[in-house]
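Following: one structure in structure tokens, then a few remarks.
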Amino acid sequence: MAATVVRAQGSEEFRRFGALLVEYNDDLPADLRHDLAPALRDLAAYYADPSAAFVARVDGEPAGCVVMEHLDDGSAVVKRLYTRHAFRGRGVARALMVALIERARELGCRRVVLDTDREQLVAAYRLYQSLGFTECEPYGEVDYRHATFMELRLDGGASLRSRFERDGFLVVPGFVSAAAIAALRMRAAEIVDAFDPSVAAGIFTTRDESSTKSDEYFLTSGTTVRCFFEEEAFDASGALRQPKELSINKVGHAMHDLDPVFERFSHGPRFDALVRGLGLAEPLIYQSMYIFKQPRIGGEVRWHQDATYFDTEPSTVTTLWFALEHADRSNGCLWVERGGHRTPLRERFVVDDGGSRLERLDDTPWPSEAEAEAIEVEAGTLVVFHGLLPHYSAPNRSATSRHAYTLHAVDGRALYSPRNWLQRDAAFPARGFV
Ligand code: FE2
């Protein structure tokens, strides 16, 4: 019969667990034995939540135990993994580890860590590997000489980062709830509804940036919430081709600070942990945009790298792109060059005494059609990309819009160029995610 595992909670279970703990200790070589006296004085208190003790049974008989200790940094530590001799080879240790990992997940732990000895405890090492553990830096002191430290990431941290570093982007489906999407869409519609185009009719295009972006309306929008029209919004006579709400290209660029609905969405420990996990030690959000990609007239955004607009030394700008609607080839989804973040920065958009202009830095060509990869995603997907990743989106000629919301963050430790178009000052500083 397979092993069943319970978390010790009542006095009877703790008594059984205590007997296993003593047996485990006696089974160790003399020089590796632990002083169990502090734990044995009151096991229930010693292993109280969020720590835990687990007992495995086979055919009703106690067969093994393990304990989980909880560290303040969100790590769960595996200790005292033991299978009684009579029950070895029956999956007891695996069942104990699975129960422990499940409990760590319930508690929201970042990772499960353990120490073992790769050379001496080969079967244990293989078990941990098969459960997804990989070797890691020491997480604390141990009292034996040849410790092998291992971890299992529960927050996806290591694997997300390694994928991000390999590809230059990440696709995380299901990151935004349907309720959050609805709230953002409703608020964006309200902002557009309140927008009076007769006051300022800014058009957003990436085609000829030396002229169009010198426009005062754009250049002073970094600390405001403004609407920009699609380039094809107007006919030859200057009248809107479609209703106003179907003519706006985007809203930007400080709604993450100034608009209560977008402010609430744009901040929180989940975003903070994600970007820190990707290497931004002091994330600061400089820009937010709500992009409509309107049906039929949704404008193309040509190949570019976001570091062109957010120059830091070293380059750190990281983009969070949230799909608020399904995006595919027909309605102008993102296209990227996988791994293209390892190519140089081609252009820099600068503003100085001479006005705004696009400086050419490097002649590396943009990716060919064959090198471009369509990122077709469902609503609620988060796409994160590196500031040097070449990307573009084609025009939307379909009858379906393709709404998205974006945040651009840089690392506060890097030098933010004073020639970037978007500047914040002490009166309105860029803030982090929390
Ligand atoms: Fe971009």
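In the structure tokens, chains take the letters A, B, ... in the order shown, each chain's residues start at 1, and ligands count up from 1 in the order shown.
Residues lying within 6 Å of region 279-288 of chain A, counting only C-alpha atoms and ignoring same-chain neighbours fewer than 4 positions away, are Gly252, His253, Ala254, His256, Val275, Thr406, Leu407, His408, Ala409, Val410, Asp411, Gly412, Ala430, Arg431 and Gly432 of chain A.
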### Query
as an MDAnalysis selection string, which residues of region 117-289 of chain A does DSSP assign to helix (DSSP H, G or I)?
chainID A and resid 122:130 157:167 178:194 209:212 216:219 244:246 255:258 260:266 269:277
### Query
CA of Thr83 (chain A) and CA of Ala63 (chain A) are how many Å apart?
5.9 Å
### Task
May I have the residues within 12 Å of ligand 1, computed using only C-alpha atoms and all ligand atoms, as a ChimeraX atom specification?
/A:206,287-289,291,300-310,317-321,334-336,383-393,404-408
Give me a file of those residues, with N, CA and C atoms, as a CSV table (one decimal), in the first residue's frame.
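For reference, selection_31.csv as written:
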chain,number,residue,atom,x,y,z
A,206,THR,N,5.1,56.6,-35.0
A,206,THR,CA,6.5,56.3,-34.8
A,206,THR,C,7.2,56.4,-36.1
A,287,GLN,N,6.9,55.2,-16.9
A,287,GLN,CA,5.9,55.5,-18.0
A,287,GLN,C,4.8,54.4,-17.9
A,288,SER,N,3.5,54.9,-18.2
A,288,SER,CA,2.4,54.0,-18.4
A,288,SER,C,1.7,54.4,-19.7
A,289,MET,N,1.1,53.4,-20.4
A,289,MET,CA,0.4,53.7,-21.6
A,289,MET,C,-0.8,52.7,-21.7
A,291,ILE,N,-2.9,51.3,-24.7
A,291,ILE,CA,-2.8,51.3,-26.1
A,291,ILE,C,-4.1,50.6,-26.7
A,300,GLU,N,0.6,51.1,-37.1
A,300,GLU,CA,1.8,50.2,-37.0
A,300,GLU,C,2.7,50.9,-35.9
A,301,VAL,N,3.5,50.1,-35.2
A,301,VAL,CA,4.6,50.6,-34.4
A,301,VAL,C,5.8,49.9,-35.0
A,302,ARG,N,6.7,50.7,-35.6
A,302,ARG,CA,7.8,50.1,-36.4
A,302,ARG,C,8.8,49.4,-35.4
A,303,TRP,N,9.7,48.6,-36.0
A,303,TRP,CA,10.7,47.9,-35.2
A,303,TRP,C,11.4,49.0,-34.3
A,304,HIS,N,11.6,48.7,-33.1
A,304,HIS,CA,12.3,49.5,-32.2
A,304,HIS,C,12.8,48.8,-30.9
A,305,GLN,N,13.6,49.4,-30.1
A,305,GLN,CA,14.0,48.9,-28.8
A,305,GLN,C,13.5,49.9,-27.8
A,306,ASP,N,12.9,49.5,-26.7
A,306,ASP,CA,12.4,50.5,-25.7
A,306,ASP,C,13.5,51.3,-25.1
A,307,ALA,N,14.7,50.7,-25.0
A,307,ALA,CA,15.9,51.5,-24.5
A,307,ALA,C,16.2,52.7,-25.3
A,308,THR,N,15.7,52.8,-26.5
A,308,THR,CA,15.8,54.0,-27.3
A,308,THR,C,15.2,55.2,-26.6
A,309,TYR,N,14.1,55.0,-25.9
A,309,TYR,CA,13.3,56.0,-25.3
A,309,TYR,C,13.7,56.2,-23.8
A,310,PHE,N,14.3,55.2,-23.2
A,310,PHE,CA,14.6,55.2,-21.8
A,310,PHE,C,16.1,54.7,-21.6
A,317,VAL,N,16.0,49.4,-18.8
A,317,VAL,CA,14.5,49.5,-19.0
A,317,VAL,C,13.9,48.2,-19.3
A,318,THR,N,12.8,47.9,-18.6
A,318,THR,CA,12.1,46.6,-18.7
A,318,THR,C,10.6,47.0,-18.9
A,319,THR,N,10.0,46.3,-19.8
A,319,THR,CA,8.6,46.6,-20.2
A,319,THR,C,7.7,45.6,-19.7
A,320,LEU,N,6.6,46.0,-19.1
A,320,LEU,CA,5.5,45.0,-18.7
A,320,LEU,C,4.4,45.4,-19.7
A,321,TRP,N,3.9,44.4,-20.5
A,321,TRP,CA,2.9,44.6,-21.5
A,321,TRP,C,1.8,43.7,-21.1
A,334,LEU,N,2.0,41.8,-31.0
A,334,LEU,CA,3.4,42.1,-30.9
A,334,LEU,C,4.2,41.1,-31.7
A,335,TRP,N,5.3,41.5,-32.3
A,335,TRP,CA,6.3,40.6,-33.0
A,335,TRP,C,7.7,40.9,-32.3
A,336,VAL,N,8.4,39.9,-32.0
A,336,VAL,CA,9.7,40.1,-31.4
A,336,VAL,C,10.8,39.3,-32.1
A,383,VAL,N,3.3,40.1,-21.0
A,383,VAL,CA,4.5,39.9,-21.7
A,383,VAL,C,5.5,40.9,-21.1
A,384,VAL,N,6.7,40.3,-20.7
A,384,VAL,CA,7.7,41.2,-20.2
A,384,VAL,C,8.8,41.2,-21.2
A,385,PHE,N,9.3,42.4,-21.5
A,385,PHE,CA,10.5,42.4,-22.4
A,385,PHE,C,11.6,43.3,-22.0
A,386,HIS,N,12.8,42.8,-22.4
A,386,HIS,CA,14.1,43.5,-22.2
A,386,HIS,C,14.1,44.8,-23.0
A,387,GLY,N,14.8,45.8,-22.5
A,387,GLY,CA,14.8,47.1,-23.2
A,387,GLY,C,15.6,47.0,-24.5
A,388,LEU,N,16.4,46.0,-24.7
A,388,LEU,CA,17.1,45.9,-26.0
A,388,LEU,C,16.4,45.0,-27.0
A,389,LEU,N,15.3,44.4,-26.6
A,389,LEU,CA,14.6,43.4,-27.5
A,389,LEU,C,14.0,44.1,-28.6
A,390,PRO,N,14.4,43.9,-29.9
A,390,PRO,CA,13.6,44.5,-31.0
A,390,PRO,C,12.2,43.9,-31.1
A,391,HIS,N,11.2,44.8,-31.2
A,391,HIS,CA,9.9,44.4,-31.4
A,391,HIS,C,9.1,45.4,-32.2
A,392,TYR,N,8.0,45.0,-32.8
A,392,TYR,CA,7.1,45.9,-33.5
A,392,TYR,C,5.7,45.3,-33.4
A,393,SER,N,4.7,46.1,-33.9
A,393,SER,CA,3.4,45.6,-34.1
A,393,SER,C,2.8,46.2,-35.4
A,404,ALA,N,-4.2,47.1,-24.9
A,404,ALA,CA,-3.1,46.6,-24.0
A,404,ALA,C,-2.7,47.7,-23.1
A,405,TYR,N,-2.1,47.4,-22.0
A,405,TYR,CA,-1.6,48.4,-21.0
A,405,TYR,C,-0.1,48.1,-20.8
A,406,THR,N,0.7,49.1,-20.7
A,406,THR,CA,2.1,48.9,-20.6
A,406,THR,C,2.7,49.8,-19.4
A,407,LEU,N,3.7,49.2,-18.8
A,407,LEU,CA,4.5,49.9,-17.8
A,407,LEU,C,6.0,49.8,-18.2
A,408,HIS,N,6.7,50.9,-18.1
A,408,HIS,CA,8.1,50.9,-18.3
A,408,HIS,C,8.9,51.2,-17.0
### Task
Check region 371-416 of chain A with DSSP on the backbone and list each residue it calls strand (DSSP E or B), as a ChimeraX atom specification.
/A:373-375,377,382-386,391-393,396,404-411,415-416
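From CA of Glu102 (chain A) back to CA of His70 (chain A), the distance works out to 13.8 Å.
Distances from A:Glu23, A:Asp215, A:Glu141, A:Glu347 to Gly64 (chain A) were compared using only C-alpha atoms, and the smallest one belongs to A:Glu23.
For the residues A:Pro173, A:Pro429, A:Gly108, A:Pro243, ranking by smallest atom-to-atom distance to Asp257 (chain A) using only C-alpha atoms places A:Pro429 first.
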